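Okay, upload39.tsv now, which holds TSV, C-alpha atoms and all ligand atoms:
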```tsv
chain	number	residue	atom	x	y	z
Q	1	MET	CA	-37.16	-9.06	33.71
Q	2	ASN	CA	-39.06	-12.30	34.30
Q	3	VAL	CA	-36.69	-14.97	33.04
Q	4	HIS	CA	-39.37	-17.67	33.26
Q	5	LYS	CA	-41.16	-16.08	30.32
Q	6	PRO	CA	-39.67	-16.65	26.88
Q	7	ILE	CA	-37.78	-13.48	25.90
Q	8	ALA	CA	-37.96	-13.58	22.12
Q	9	ARG	CA	-39.58	-16.09	19.86
Q	10	GLU	CA	-40.26	-13.70	17.01
Q	11	VAL	CA	-37.83	-11.55	15.06
Q	12	ARG	CA	-37.91	-7.97	16.36
Q	13	THR	CA	-36.16	-4.85	15.09
Q	14	ASP	CA	-37.62	-2.55	17.76
Q	15	TRP	CA	-35.37	-3.47	20.70
Q	16	THR	CA	-34.69	-0.64	23.12
Q	17	ARG	CA	-31.26	-0.03	24.61
Q	18	ASP	CA	-32.73	-0.71	28.05
Q	19	GLU	CA	-33.91	-4.13	26.93
Q	20	VAL	CA	-30.49	-4.93	25.50
Q	21	ALA	CA	-28.79	-3.74	28.70
Q	22	ALA	CA	-31.19	-5.86	30.78
Q	23	LEU	CA	-30.21	-8.97	28.80
Q	24	PHE	CA	-26.52	-8.27	29.45
Q	25	ASP	CA	-27.35	-7.89	33.16
Q	26	LEU	CA	-29.09	-11.28	33.52
Q	27	PRO	CA	-27.53	-13.87	35.81
Q	28	PHE	CA	-25.22	-15.92	33.56
Q	29	ALA	CA	-27.25	-19.15	33.80
Q	30	ASP	CA	-30.48	-17.35	32.91
Q	31	LEU	CA	-28.84	-15.60	29.96
Q	32	MET	CA	-27.41	-18.89	28.67
Q	33	PHE	CA	-30.77	-20.64	29.10
Q	34	GLU	CA	-32.56	-17.95	27.10
Q	35	ALA	CA	-29.91	-17.93	24.38
Q	36	GLN	CA	-30.01	-21.75	24.09
Q	37	THR	CA	-33.82	-21.70	23.92
Q	38	VAL	CA	-33.82	-19.11	21.14
Q	39	HIS	CA	-30.99	-20.93	19.36
Q	40	ARG	CA	-32.78	-24.30	19.43
Q	41	ALA	CA	-35.98	-22.74	18.09
Q	42	HIS	CA	-34.13	-21.69	14.91
Q	43	PHE	CA	-31.06	-23.89	14.40
Q	44	ASP	CA	-29.56	-27.33	14.90
Q	45	PRO	CA	-27.67	-26.57	18.15
Q	46	ASN	CA	-24.86	-28.99	17.25
Q	47	ALA	CA	-24.12	-27.68	13.76
Q	48	VAL	CA	-21.49	-25.01	13.12
Q	49	GLN	CA	-20.93	-23.46	9.71
Q	50	LEU	CA	-17.34	-23.31	8.45
Q	51	SER	CA	-15.93	-20.48	6.36
Q	52	THR	CA	-12.43	-19.89	5.08
Q	53	LEU	CA	-10.87	-16.46	4.78
Q	54	LEU	CA	-8.38	-15.29	2.20
Q	55	SER	CA	-6.71	-11.90	2.04
Q	56	ILE	CA	-6.85	-11.16	-1.70
Q	57	LYS	CA	-5.24	-7.72	-1.28
Q	58	THR	CA	-3.08	-7.24	1.78
Q	59	GLY	CA	-1.83	-4.11	3.54
Q	60	GLY	CA	-1.31	-0.46	2.60
Q	61	CYS	CA	-4.89	0.53	3.45
Q	62	PRO	CA	-5.57	4.30	3.58
Q	63	GLU	CA	-8.08	3.93	6.47
Q	64	ASP	CA	-6.98	4.39	10.08
Q	65	CYS	CA	-8.94	1.63	11.90
Q	66	GLY	CA	-7.10	1.50	15.25
Q	67	TYR	CA	-7.19	-2.30	15.50
Q	68	CYS	CA	-5.99	-3.16	12.01
Q	69	SER	CA	-2.59	-4.52	10.99
Q	70	GLN	CA	-3.29	-3.50	7.39
Q	71	SER	CA	-3.71	0.23	7.90
Q	72	ALA	CA	-0.91	2.26	6.27
Q	73	SER	CA	-0.88	4.35	9.46
Q	74	ALA	CA	0.01	1.32	11.61
Q	75	GLU	CA	3.64	0.36	12.08
Q	76	THR	CA	3.30	-3.39	11.78
Q	77	GLY	CA	5.94	-4.06	9.13
Q	78	LEU	CA	3.29	-5.67	6.94
Q	79	LYS	CA	4.25	-5.43	3.27
Q	80	ALA	CA	1.58	-3.93	1.02
Q	81	GLU	CA	0.70	-6.32	-1.78
Q	82	LYS	CA	-1.21	-6.05	-5.06
Q	83	LEU	CA	-4.57	-7.69	-5.72
Q	84	MET	CA	-4.01	-11.44	-6.20
Q	85	ASP	CA	-4.52	-13.04	-9.62
Q	86	VAL	CA	-7.90	-14.64	-10.19
Q	87	ASP	CA	-6.33	-18.09	-10.74
Q	88	ALA	CA	-4.39	-17.95	-7.47
Q	89	VAL	CA	-7.57	-17.05	-5.59
Q	90	LEU	CA	-9.47	-19.92	-7.22
Q	91	ALA	CA	-6.70	-22.38	-6.25
Q	92	GLU	CA	-7.07	-21.29	-2.60
Q	93	ALA	CA	-10.84	-21.68	-2.83
Q	94	ARG	CA	-10.46	-25.23	-4.15
Q	95	ALA	CA	-8.19	-26.09	-1.20
Q	96	ALA	CA	-10.73	-24.60	1.24
Q	97	LYS	CA	-13.51	-26.69	-0.29
Q	98	ASP	CA	-11.37	-29.83	-0.07
Q	99	ALA	CA	-10.80	-29.04	3.62
Q	100	GLY	CA	-14.58	-29.04	4.20
Q	101	SER	CA	-15.36	-25.34	4.13
Q	102	GLY	CA	-18.78	-24.28	2.86
Q	103	ARG	CA	-18.10	-20.60	2.35
Q	104	PHE	CA	-15.11	-18.71	0.97
Q	105	CYS	CA	-14.62	-15.14	2.19
Q	106	MET	CA	-12.30	-12.83	0.29
Q	107	GLY	CA	-11.00	-9.69	2.01
Q	108	ALA	CA	-9.22	-6.66	0.58
Q	109	ALA	CA	-7.46	-3.86	2.47
Q	110	TRP	CA	-9.26	-1.11	0.60
Q	111	ARG	CA	-11.27	1.94	1.58
Q	112	SER	CA	-13.48	0.86	-1.34
Q	113	PRO	CA	-12.86	-0.99	-4.61
Q	114	LYS	CA	-11.74	1.04	-7.63
Q	115	ASP	CA	-13.73	0.58	-10.83
Q	116	ARG	CA	-10.64	-0.92	-12.50
Q	117	ASP	CA	-10.62	-3.70	-9.88
Q	118	MET	CA	-14.21	-4.76	-10.46
Q	119	PRO	CA	-13.72	-7.10	-13.47
Q	120	ALA	CA	-11.22	-9.28	-11.53
Q	121	ILE	CA	-13.44	-9.23	-8.43
Q	122	VAL	CA	-16.43	-10.32	-10.52
Q	123	GLU	CA	-14.37	-13.21	-12.00
Q	124	MET	CA	-13.38	-14.33	-8.50
Q	125	VAL	CA	-17.01	-14.44	-7.36
Q	126	LYS	CA	-18.10	-16.38	-10.45
Q	127	GLY	CA	-15.22	-18.85	-10.20
Q	128	VAL	CA	-15.65	-19.58	-6.49
Q	129	ARG	CA	-19.39	-19.98	-6.94
Q	130	ALA	CA	-18.88	-22.41	-9.82
Q	131	MET	CA	-17.08	-24.71	-7.34
Q	132	GLY	CA	-20.26	-24.95	-5.28
Q	133	LEU	CA	-18.95	-22.76	-2.47
Q	134	GLU	CA	-20.91	-19.85	-1.00
Q	135	THR	CA	-19.13	-16.58	-1.68
Q	136	CYS	CA	-18.45	-13.68	0.66
Q	137	MET	CA	-16.42	-10.53	0.12
Q	138	THR	CA	-15.26	-7.67	2.28
Q	139	LEU	CA	-13.75	-4.87	0.22
Q	140	GLY	CA	-14.60	-1.72	2.20
Q	141	MET	CA	-17.31	0.75	1.25
Q	142	LEU	CA	-19.49	-0.10	-1.76
Q	143	SER	CA	-21.58	2.16	-3.98
Q	144	ALA	CA	-25.03	1.09	-5.12
Q	145	ASP	CA	-23.61	0.38	-8.58
Q	146	GLN	CA	-20.73	-1.75	-7.29
Q	147	SER	CA	-23.19	-3.67	-5.10
Q	148	ARG	CA	-25.32	-4.35	-8.15
Q	149	GLN	CA	-22.29	-5.66	-10.12
Q	150	LEU	CA	-21.41	-8.03	-7.29
Q	151	ALA	CA	-25.02	-9.20	-7.00
Q	152	GLU	CA	-25.11	-9.93	-10.72
Q	153	ALA	CA	-21.88	-11.95	-10.40
Q	154	GLY	CA	-23.72	-14.07	-7.80
Q	155	LEU	CA	-22.11	-12.83	-4.56
Q	156	ASP	CA	-23.93	-14.46	-1.62
Q	157	TYR	CA	-22.69	-12.31	1.31
Q	158	TYR	CA	-20.97	-8.97	1.80
Q	159	ASN	CA	-19.15	-8.33	5.09
Q	160	HIS	CA	-18.96	-4.76	6.34
Q	161	ASN	CA	-18.78	-4.29	10.09
Q	162	ILE	CA	-20.14	-1.43	12.16
Q	163	ASP	CA	-17.33	-2.47	14.56
Q	164	THR	CA	-18.59	-0.79	17.76
Q	165	SER	CA	-21.31	1.48	19.19
Q	166	PRO	CA	-22.12	4.71	17.31
Q	167	GLU	CA	-20.75	6.72	20.27
Q	168	ASN	CA	-17.45	4.82	20.47
Q	169	TYR	CA	-16.91	4.69	16.72
Q	170	ALA	CA	-14.81	7.86	16.38
Q	171	ASN	CA	-12.42	6.60	19.09
Q	172	VAL	CA	-11.55	3.70	16.80
Q	173	ILE	CA	-11.75	5.06	13.23
Q	174	THR	CA	-11.62	8.66	12.00
Q	175	THR	CA	-11.34	8.25	8.20
Q	176	ARG	CA	-14.95	7.21	7.68
Q	177	THR	CA	-18.07	7.56	9.76
Q	178	PHE	CA	-20.60	5.21	11.31
Q	179	GLU	CA	-23.13	6.63	8.84
Q	180	ASP	CA	-20.82	5.71	5.92
Q	181	ARG	CA	-20.90	2.13	7.16
Q	182	ILE	CA	-24.69	2.11	7.34
Q	183	GLU	CA	-24.90	3.51	3.81
Q	184	THR	CA	-22.80	0.62	2.47
Q	185	LEU	CA	-25.02	-1.87	4.31
Q	186	GLU	CA	-28.05	-0.23	2.67
Q	187	ASN	CA	-26.43	-0.46	-0.78
Q	188	VAL	CA	-25.60	-4.13	-0.25
Q	189	ARG	CA	-29.09	-4.92	1.07
Q	190	GLY	CA	-30.67	-2.93	-1.78
Q	191	ALA	CA	-28.80	-5.06	-4.35
Q	192	GLY	CA	-30.21	-8.23	-2.80
Q	193	ILE	CA	-26.92	-9.53	-1.32
Q	194	ASN	CA	-27.01	-11.10	2.16
Q	195	VAL	CA	-25.53	-8.78	4.76
Q	196	CYS	CA	-22.74	-9.85	7.13
Q	197	SER	CA	-22.13	-7.19	9.77
Q	198	GLY	CA	-20.77	-7.27	13.29
Q	199	GLY	CA	-17.85	-5.83	15.18
Q	200	ILE	CA	-15.08	-6.18	17.70
Q	201	VAL	CA	-15.12	-6.44	21.46
Q	202	GLY	CA	-12.10	-6.15	23.73
Q	203	MET	CA	-10.97	-2.77	22.38
Q	204	GLY	CA	-11.23	-1.20	25.84
Q	205	GLU	CA	-14.87	-0.27	25.19
Q	206	THR	CA	-17.43	-0.13	28.00
Q	207	ARG	CA	-20.36	-2.49	28.62
Q	208	SER	CA	-22.57	0.36	27.43
Q	209	ASP	CA	-20.66	0.35	24.10
Q	210	ARG	CA	-21.29	-3.37	23.73
Q	211	VAL	CA	-24.98	-2.68	24.39
Q	212	GLY	CA	-24.98	0.13	21.81
Q	213	PHE	CA	-23.12	-2.02	19.25
Q	214	LEU	CA	-25.61	-4.91	19.39
Q	215	HIS	CA	-28.56	-2.52	19.65
Q	216	ALA	CA	-27.46	-0.80	16.42
Q	217	LEU	CA	-27.31	-4.13	14.56
Q	218	ALA	CA	-30.56	-5.47	16.00
Q	219	THR	CA	-32.52	-2.32	15.06
Q	220	LEU	CA	-31.45	-2.20	11.41
Q	221	PRO	CA	-34.54	-2.52	9.15
Q	222	HIS	CA	-33.47	-6.17	8.55
Q	223	HIS	CA	-31.05	-8.06	10.78
Q	224	PRO	CA	-27.78	-8.96	9.06
Q	225	GLU	CA	-27.99	-12.62	7.99
Q	226	SER	CA	-24.54	-13.09	9.53
Q	227	VAL	CA	-23.14	-11.33	12.62
Q	228	PRO	CA	-19.41	-11.72	13.24
Q	229	ILE	CA	-18.33	-11.12	16.83
Q	230	ASN	CA	-14.57	-10.59	16.84
Q	231	ALA	CA	-12.40	-10.45	19.97
Q	232	LEU	CA	-9.64	-7.94	19.35
Q	233	VAL	CA	-6.43	-9.60	18.21
Q	234	PRO	CA	-3.91	-7.10	19.59
Q	235	VAL	CA	-1.32	-6.45	16.89
Q	236	LYS	CA	1.90	-4.68	17.82
Q	237	GLY	CA	2.25	-1.40	15.92
Q	238	THR	CA	-1.50	-0.71	15.76
Q	239	VAL	CA	-3.03	1.98	17.97
Q	240	LEU	CA	-5.19	-0.46	19.92
Q	241	GLY	CA	-2.69	-3.30	19.94
Q	242	ASP	CA	-0.06	-1.04	21.46
Q	243	MET	CA	-2.47	0.56	23.90
Q	244	LEU	CA	-3.89	-2.71	25.16
Q	245	ALA	CA	-1.30	-5.45	24.57
Q	246	ASP	CA	0.44	-5.04	27.92
Q	247	THR	CA	-2.59	-4.15	30.02
Q	248	PRO	CA	-5.11	-6.46	31.68
Q	249	LEU	CA	-7.74	-4.96	29.37
Q	250	ALA	CA	-6.01	-6.40	26.30
Q	251	LYS	CA	-7.96	-9.63	26.44
Q	252	ILE	CA	-11.68	-9.33	27.00
Q	253	ASP	CA	-12.97	-11.24	30.02
Q	254	GLU	CA	-14.19	-14.54	28.59
Q	255	ILE	CA	-17.50	-14.47	30.47
Q	256	GLU	CA	-18.24	-10.99	29.12
Q	257	PHE	CA	-17.38	-12.20	25.62
Q	258	VAL	CA	-19.79	-15.14	26.00
Q	259	ARG	CA	-22.45	-12.73	27.28
Q	260	THR	CA	-22.00	-10.64	24.12
Q	261	VAL	CA	-22.50	-13.72	21.93
Q	262	ALA	CA	-25.59	-14.78	23.92
Q	263	VAL	CA	-27.19	-11.33	23.69
Q	264	ALA	CA	-26.51	-11.24	19.92
Q	265	ARG	CA	-28.23	-14.62	19.57
Q	266	ILE	CA	-31.31	-13.49	21.54
Q	267	LEU	CA	-31.63	-10.16	19.70
Q	268	MET	CA	-31.17	-11.66	16.21
Q	269	PRO	CA	-32.69	-15.15	16.45
Q	270	GLU	CA	-32.48	-16.07	12.77
Q	271	SER	CA	-28.98	-14.72	12.07
Q	272	MET	CA	-25.82	-16.77	11.95
Q	273	VAL	CA	-23.66	-15.57	14.85
Q	274	ARG	CA	-20.03	-15.98	13.92
Q	275	LEU	CA	-17.32	-16.55	16.50
Q	276	SER	CA	-14.67	-14.73	14.47
Q	277	ALA	CA	-11.23	-13.32	15.29
Q	278	GLY	CA	-9.71	-14.10	18.68
Q	279	ARG	CA	-10.39	-17.85	18.89
Q	280	GLU	CA	-6.68	-18.61	18.76
Q	281	SER	CA	-6.13	-17.20	22.23
Q	282	MET	CA	-9.47	-18.40	23.64
Q	283	SER	CA	-9.74	-21.49	25.82
Q	284	ASP	CA	-11.66	-24.52	24.52
Q	285	SER	CA	-14.12	-24.05	27.39
Q	286	ALA	CA	-14.81	-20.45	26.38
Q	287	GLN	CA	-15.39	-21.53	22.78
Q	288	ALA	CA	-17.73	-24.29	23.99
Q	289	LEU	CA	-19.68	-21.69	25.99
Q	290	CYS	CA	-19.88	-19.49	22.86
Q	291	PHE	CA	-21.41	-22.38	20.90
Q	292	MET	CA	-23.87	-22.97	23.76
Q	293	ALA	CA	-24.64	-19.23	23.74
Q	294	GLY	CA	-25.66	-19.54	20.09
Q	295	ALA	CA	-22.55	-18.98	18.00
Q	296	ASN	CA	-22.92	-21.23	14.97
Q	297	SER	CA	-20.24	-20.19	12.54
Q	298	ILE	CA	-16.43	-19.99	12.62
Q	299	PHE	CA	-13.46	-19.30	10.39
Q	300	THR	CA	-11.35	-22.38	9.74
Q	301	GLY	CA	-7.68	-22.68	8.88
Q	302	ASP	CA	-4.55	-21.45	10.60
Q	303	ARG	CA	-4.77	-17.85	9.37
Q	304	LEU	CA	-7.49	-15.21	9.34
Q	305	LEU	CA	-6.46	-12.33	7.06
Q	306	THR	CA	-3.06	-11.48	8.54
Q	307	THR	CA	-3.19	-12.98	12.04
Q	308	PRO	CA	-3.13	-16.62	13.26
Q	309	ASN	CA	-6.31	-18.67	13.69
Q	310	ALA	CA	-6.96	-21.80	15.75
Q	311	GLY	CA	-6.21	-24.24	12.87
Q	312	ASP	CA	-8.10	-27.21	11.41
Q	313	SER	CA	-6.70	-29.99	13.58
Q	314	LYS	CA	-7.41	-28.09	16.80
Q	315	ASP	CA	-10.94	-27.37	15.56
Q	316	ALA	CA	-11.53	-30.99	14.56
Q	317	ALA	CA	-10.47	-32.11	18.05
Q	318	LEU	CA	-12.73	-29.53	19.73
Q	319	PHE	CA	-15.70	-30.44	17.50
Q	320	ALA	CA	-15.22	-34.14	18.30
Q	321	ARG	CA	-15.12	-33.44	22.06
Q	322	LEU	CA	-18.27	-31.33	21.82
Q	323	GLY	CA	-20.18	-33.55	19.37
Q	324	VAL	CA	-20.44	-30.59	17.03
Q	325	HIS	CA	-20.57	-31.17	13.27
Q	326	PRO	CA	-20.01	-28.85	10.32
Q	327	MET	CA	-23.25	-27.36	9.04
Q	328	GLU	CA	-22.79	-28.24	5.39
Q	329	LEU	CA	-21.26	-31.67	5.86
Q	330	ALA	CA	-22.71	-34.85	7.31
Q	331	ALA	CA	-21.60	-35.80	10.84
Q	332	PRO	CA	-19.24	-38.67	9.75
Q	333	GLU	CA	-16.97	-36.14	8.09
Q	334	ILE	CA	-16.15	-34.32	11.35
Q	335	ALA	CA	-12.60	-35.67	11.31
Q	336	THR	CA	-11.86	-33.78	8.11
Q	337	VAL	CA	-12.68	-30.32	9.56
O	401	LIG	N1	-11.10	-3.34	4.48
O	401	LIG	C1	-12.36	-3.93	4.63
O	401	LIG	C2	-13.18	-3.24	5.69
O	401	LIG	O1	-12.65	-2.75	6.65
O	401	LIG	O2	-14.41	-3.22	5.52
O	401	LIG	C3	-12.34	-5.41	4.88
O	401	LIG	C4	-11.37	-6.09	5.79
O	401	LIG	S1	-11.43	-5.75	7.53
O	401	LIG	C5	-9.94	-6.53	8.03
O	401	LIG	C6	-12.78	-6.68	8.20
O	401	LIG	C7	-13.05	-6.61	9.68
O	401	LIG	O3	-12.11	-7.40	10.39
O	401	LIG	C8	-12.98	-5.27	10.36
O	401	LIG	O4	-14.13	-4.51	10.17
O	401	LIG	C9	-12.83	-5.67	11.82
O	401	LIG	O5	-14.09	-5.81	12.44
O	401	LIG	C10	-12.13	-7.02	11.74
O	401	LIG	N2	-10.75	-6.94	12.25
O	401	LIG	C11	-9.71	-6.37	11.62
O	401	LIG	N3	-8.60	-6.43	12.37
O	401	LIG	C12	-8.94	-7.05	13.53
O	401	LIG	C13	-8.23	-7.39	14.72
O	401	LIG	N4	-6.94	-7.09	14.90
O	401	LIG	N5	-8.91	-8.03	15.71
O	401	LIG	C14	-10.21	-8.33	15.55
O	401	LIG	N6	-10.92	-8.03	14.45
O	401	LIG	C15	-10.31	-7.38	13.45
O	402	LIG	C1	-14.80	-10.22	10.38
O	402	LIG	O1	-15.66	-9.64	11.08
O	402	LIG	N1	-13.75	-10.87	10.85
O	402	LIG	C2	-12.92	-11.35	9.78
O	402	LIG	C3	-13.79	-11.06	8.54
O	402	LIG	N2	-14.83	-10.24	9.06
O	402	LIG	C4	-13.20	-10.52	7.32
O	402	LIG	C5	-11.57	-10.69	9.74
O	402	LIG	C6	-10.82	-10.84	11.00
O	402	LIG	C7	-9.49	-10.24	10.79
O	402	LIG	C8	-8.60	-10.39	11.98
O	402	LIG	C9	-7.32	-9.69	11.81
O	402	LIG	C10	-6.43	-10.18	10.73
O	402	LIG	O2	-6.25	-11.42	10.57
O	402	LIG	O3	-5.84	-9.36	10.03
O	403	LIG	FE1	-8.38	-0.92	5.97
O	403	LIG	FE2	-10.34	-2.64	6.55
O	403	LIG	FE3	-8.08	-2.59	8.00
O	403	LIG	FE4	-9.79	-0.57	8.21
O	403	LIG	S1	-10.18	-2.73	8.77
O	403	LIG	S2	-7.56	-0.37	7.98
O	403	LIG	S3	-10.55	-0.44	6.12
O	403	LIG	S4	-8.26	-3.16	5.88
```

If you took the structure in this file and wrote it as structure tokens, what would it be?
Ligand code: SAM
Ligand code: DTB
Ligand code: SF4
Amino acid sequence: MNVHKPIAREVRTDWTRDEVAALFDLPFADLMFEAQTVHRAHFDPNAVQLSTLLSIKTGGCPEDCGYCSQSASAETGLKAEKLMDVDAVLAEARAAKDAGSGRFCMGAAWRSPKDRDMPAIVEMVKGVRAMGLETCMTLGMLSADQSRQLAEAGLDYYNHNIDTSPENYANVITTRTFEDRIETLENVRGAGINVCSGGIVGMGETRSDRVGFLHALATLPHHPESVPINALVPVKGTVLGDMLADTPLAKIDEIEFVRTVAVARILMPESMVRLSAGRESMSDSAQALCFMAGANSIFTGDRLLTTPNAGDSKDAALFARLGVHPMELAAPEIATV
């Protein structure tokens, strides 16, 4: 590949796996240059969007995702809880807004929502939206009808990850298929809700799986508006946490992680690329490289759903050192991240 020619200035959904693999193979400086060039053509390179996560229904999930602390088949000691009350969720959203977050993401440990849960879910979306926050939910698989109900409530984004390459998928999850995931993404897209879909790296997958994972996202009929790239948080008692926690594979090589972010940015130039789980154990330098590679969204606060996150004061300090400012807020408010 001739790196002196711009790689992608237009949005393409016809990437080949060979092209994706060739991007991964670029010398690191060339890859970073291309990712920065694409990033600057579409975004303010110093602005990072802040979202806050809340687990509105924790644990006891019937799915067997090998990475997840909330699966009933994992032995993590996590207590299964009921769906939170609407008022309690709205109080958390208010606190997130006061802390400077622009988007509030609500996650439930469900295979899919039950019809009896929908009225409360709809109230949560309406209430969070009324505060002027963007809304995001991740509730498992959605039918076309459930997607329509959420769209009517005003849901801005729905998160549903493909997680890994189609060929590695069954090594990670057996209770639902890759095709099931795609069907939910189609239902969400069909209802007019923005799609948030990404996956996890550092699960012991191969480079070829990382190629296949990003290729699958970048060849959807429309790119997801938001692409979370999670680094596996190894949780004791989960299949993958136990398999990887004590091996050198447990933590993905930081340079390979940055490469994954850069390739995602080049393939999907107009999407928000979200540096998601795994920041807590990542060095500041690696996070800085991720922002340079085109990541422009993070989760704030000291907890993700069930695992620790970097925390607001650490993030504020990193943003100040990097001259990065929150996307929705003006630069003088950096200190309140
Ligand atoms: N139950 C819903 C579902 O699976 O669609 C929503 C919640 S689920 C926790 C959302 C995503 O978080 C998963 O698809 C996975 O990509 C990510 N995730 C979960 N546990 C993780 C872990 N230990 N490390 C990194 N990412 C994780
Ligand atoms: C996503 O891709 N990452 C977030 C969000 N979507 C819902 C979740 C990360 C969860 C990390 C493990 C935990 O805290 O339980
Ligand atoms: Fe359940 Fe979601 Fe965890 Fe899978 S990732 S076990 S579906 S909560």

**Prompt:** Using all atoms listed in the file, which of Q:Thr300, Q:Ser226, Q:Thr306, Q:Thr16 sits nearest ligand LIG 401 (chain O)?
**Reply:**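 Of Q:Thr300, Q:Ser226, Q:Thr306, Q:Thr16, the one nearest ligand LIG 401 (chain O), counting all atoms listed in the file, is Q:Thr306.
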
All residues 6 Å or closer to Gly202 of chain Q, only C-alpha atoms, same chain fewer than 4 positions away omitted, as a PDB file with C-alpha atoms, in the coordinates of the input:
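Writing done, so here's selection_6.pdb:
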```pdb
ATOM      1  CA  ALA Q 231     -12.400 -10.450  19.970  1.00  0.00           C
ATOM      2  CA  LEU Q 232      -9.640  -7.940  19.350  1.00  0.00           C
ATOM      3  CA  ILE Q 252     -11.680  -9.330  27.000  1.00  0.00           C
TER       4      ILE Q 252
END
```

**Env. residues ligand LIG 401 (chain O) / 9 Å / all atoms listed in the file / as a ChimeraX atom specification** = /Q:55,61,63,65-71,106-112,137-141,159-164,181,197-203,228-235,238,240-241,276-278,305-307

Export, as a PDB file, in the frame of the given file, the selected residues with C-alpha atoms.
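Result file out38.pdb:
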```pdb
ATOM      1  CA  SER Q  55      -6.710 -11.900   2.040  1.00  0.00           C
ATOM      2  CA  CYS Q  61      -4.890   0.530   3.450  1.00  0.00           C
ATOM      3  CA  GLU Q  63      -8.080   3.930   6.470  1.00  0.00           C
ATOM      4  CA  CYS Q  65      -8.940   1.630  11.900  1.00  0.00           C
ATOM      5  CA  GLY Q  66      -7.100   1.500  15.250  1.00  0.00           C
ATOM      6  CA  TYR Q  67      -7.190  -2.300  15.500  1.00  0.00           C
ATOM      7  CA  CYS Q  68      -5.990  -3.160  12.010  1.00  0.00           C
ATOM      8  CA  SER Q  69      -2.590  -4.520  10.990  1.00  0.00           C
ATOM      9  CA  GLN Q  70      -3.290  -3.500   7.390  1.00  0.00           C
ATOM     10  CA  SER Q  71      -3.710   0.230   7.900  1.00  0.00           C
ATOM     11  CA  MET Q 106     -12.300 -12.830   0.290  1.00  0.00           C
ATOM     12  CA  GLY Q 107     -11.000  -9.690   2.010  1.00  0.00           C
ATOM     13  CA  ALA Q 108      -9.220  -6.660   0.580  1.00  0.00           C
ATOM     14  CA  ALA Q 109      -7.460  -3.860   2.470  1.00  0.00           C
ATOM     15  CA  TRP Q 110      -9.260  -1.110   0.600  1.00  0.00           C
ATOM     16  CA  ARG Q 111     -11.270   1.940   1.580  1.00  0.00           C
ATOM     17  CA  SER Q 112     -13.480   0.860  -1.340  1.00  0.00           C
ATOM     18  CA  MET Q 137     -16.420 -10.530   0.120  1.00  0.00           C
ATOM     19  CA  THR Q 138     -15.260  -7.670   2.280  1.00  0.00           C
ATOM     20  CA  LEU Q 139     -13.750  -4.870   0.220  1.00  0.00           C
ATOM     21  CA  GLY Q 140     -14.600  -1.720   2.200  1.00  0.00           C
ATOM     22  CA  MET Q 141     -17.310   0.750   1.250  1.00  0.00           C
ATOM     23  CA  ASN Q 159     -19.150  -8.330   5.090  1.00  0.00           C
ATOM     24  CA  HIS Q 160     -18.960  -4.760   6.340  1.00  0.00           C
ATOM     25  CA  ASN Q 161     -18.780  -4.290  10.090  1.00  0.00           C
ATOM     26  CA  ILE Q 162     -20.140  -1.430  12.160  1.00  0.00           C
ATOM     27  CA  ASP Q 163     -17.330  -2.470  14.560  1.00  0.00           C
ATOM     28  CA  THR Q 164     -18.590  -0.790  17.760  1.00  0.00           C
ATOM     29  CA  ARG Q 181     -20.900   2.130   7.160  1.00  0.00           C
ATOM     30  CA  SER Q 197     -22.130  -7.190   9.770  1.00  0.00           C
ATOM     31  CA  GLY Q 198     -20.770  -7.270  13.290  1.00  0.00           C
ATOM     32  CA  GLY Q 199     -17.850  -5.830  15.180  1.00  0.00           C
ATOM     33  CA  ILE Q 200     -15.080  -6.180  17.700  1.00  0.00           C
ATOM     34  CA  VAL Q 201     -15.120  -6.440  21.460  1.00  0.00           C
ATOM     35  CA  GLY Q 202     -12.100  -6.150  23.730  1.00  0.00           C
ATOM     36  CA  MET Q 203     -10.970  -2.770  22.380  1.00  0.00           C
ATOM     37  CA  PRO Q 228     -19.410 -11.720  13.240  1.00  0.00           C
ATOM     38  CA  ILE Q 229     -18.330 -11.120  16.830  1.00  0.00           C
ATOM     39  CA  ASN Q 230     -14.570 -10.590  16.840  1.00  0.00           C
ATOM     40  CA  ALA Q 231     -12.400 -10.450  19.970  1.00  0.00           C
ATOM     41  CA  LEU Q 232      -9.640  -7.940  19.350  1.00  0.00           C
ATOM     42  CA  VAL Q 233      -6.430  -9.600  18.210  1.00  0.00           C
ATOM     43  CA  PRO Q 234      -3.910  -7.100  19.590  1.00  0.00           C
ATOM     44  CA  VAL Q 235      -1.320  -6.450  16.890  1.00  0.00           C
ATOM     45  CA  THR Q 238      -1.500  -0.710  15.760  1.00  0.00           C
ATOM     46  CA  LEU Q 240      -5.190  -0.460  19.920  1.00  0.00           C
ATOM     47  CA  GLY Q 241      -2.690  -3.300  19.940  1.00  0.00           C
ATOM     48  CA  SER Q 276     -14.670 -14.730  14.470  1.00  0.00           C
ATOM     49  CA  ALA Q 277     -11.230 -13.320  15.290  1.00  0.00           C
ATOM     50  CA  GLY Q 278      -9.710 -14.100  18.680  1.00  0.00           C
ATOM     51  CA  LEU Q 305      -6.460 -12.330   7.060  1.00  0.00           C
ATOM     52  CA  THR Q 306      -3.060 -11.480   8.540  1.00  0.00           C
ATOM     53  CA  THR Q 307      -3.190 -12.980  12.040  1.00  0.00           C
TER      54      THR Q 307
END
```

**Answer as JSON, numbers by chain, residues within 12 Å of (-15.7, -12.6, -13.8) using all atoms listed in the file** = {"Q": [85, 86, 87, 90, 117, 118, 119, 120, 121, 122, 123, 124, 125, 126, 127, 128, 129, 130, 149, 150, 152, 153, 154, 155]}

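With distances taken over all atoms listed in the file, Q:Phe319 is the one residue among Q:Phe319, Q:Arg303, Q:Thr219, Q:Arg265 lying closest to Ser285 of chain Q.
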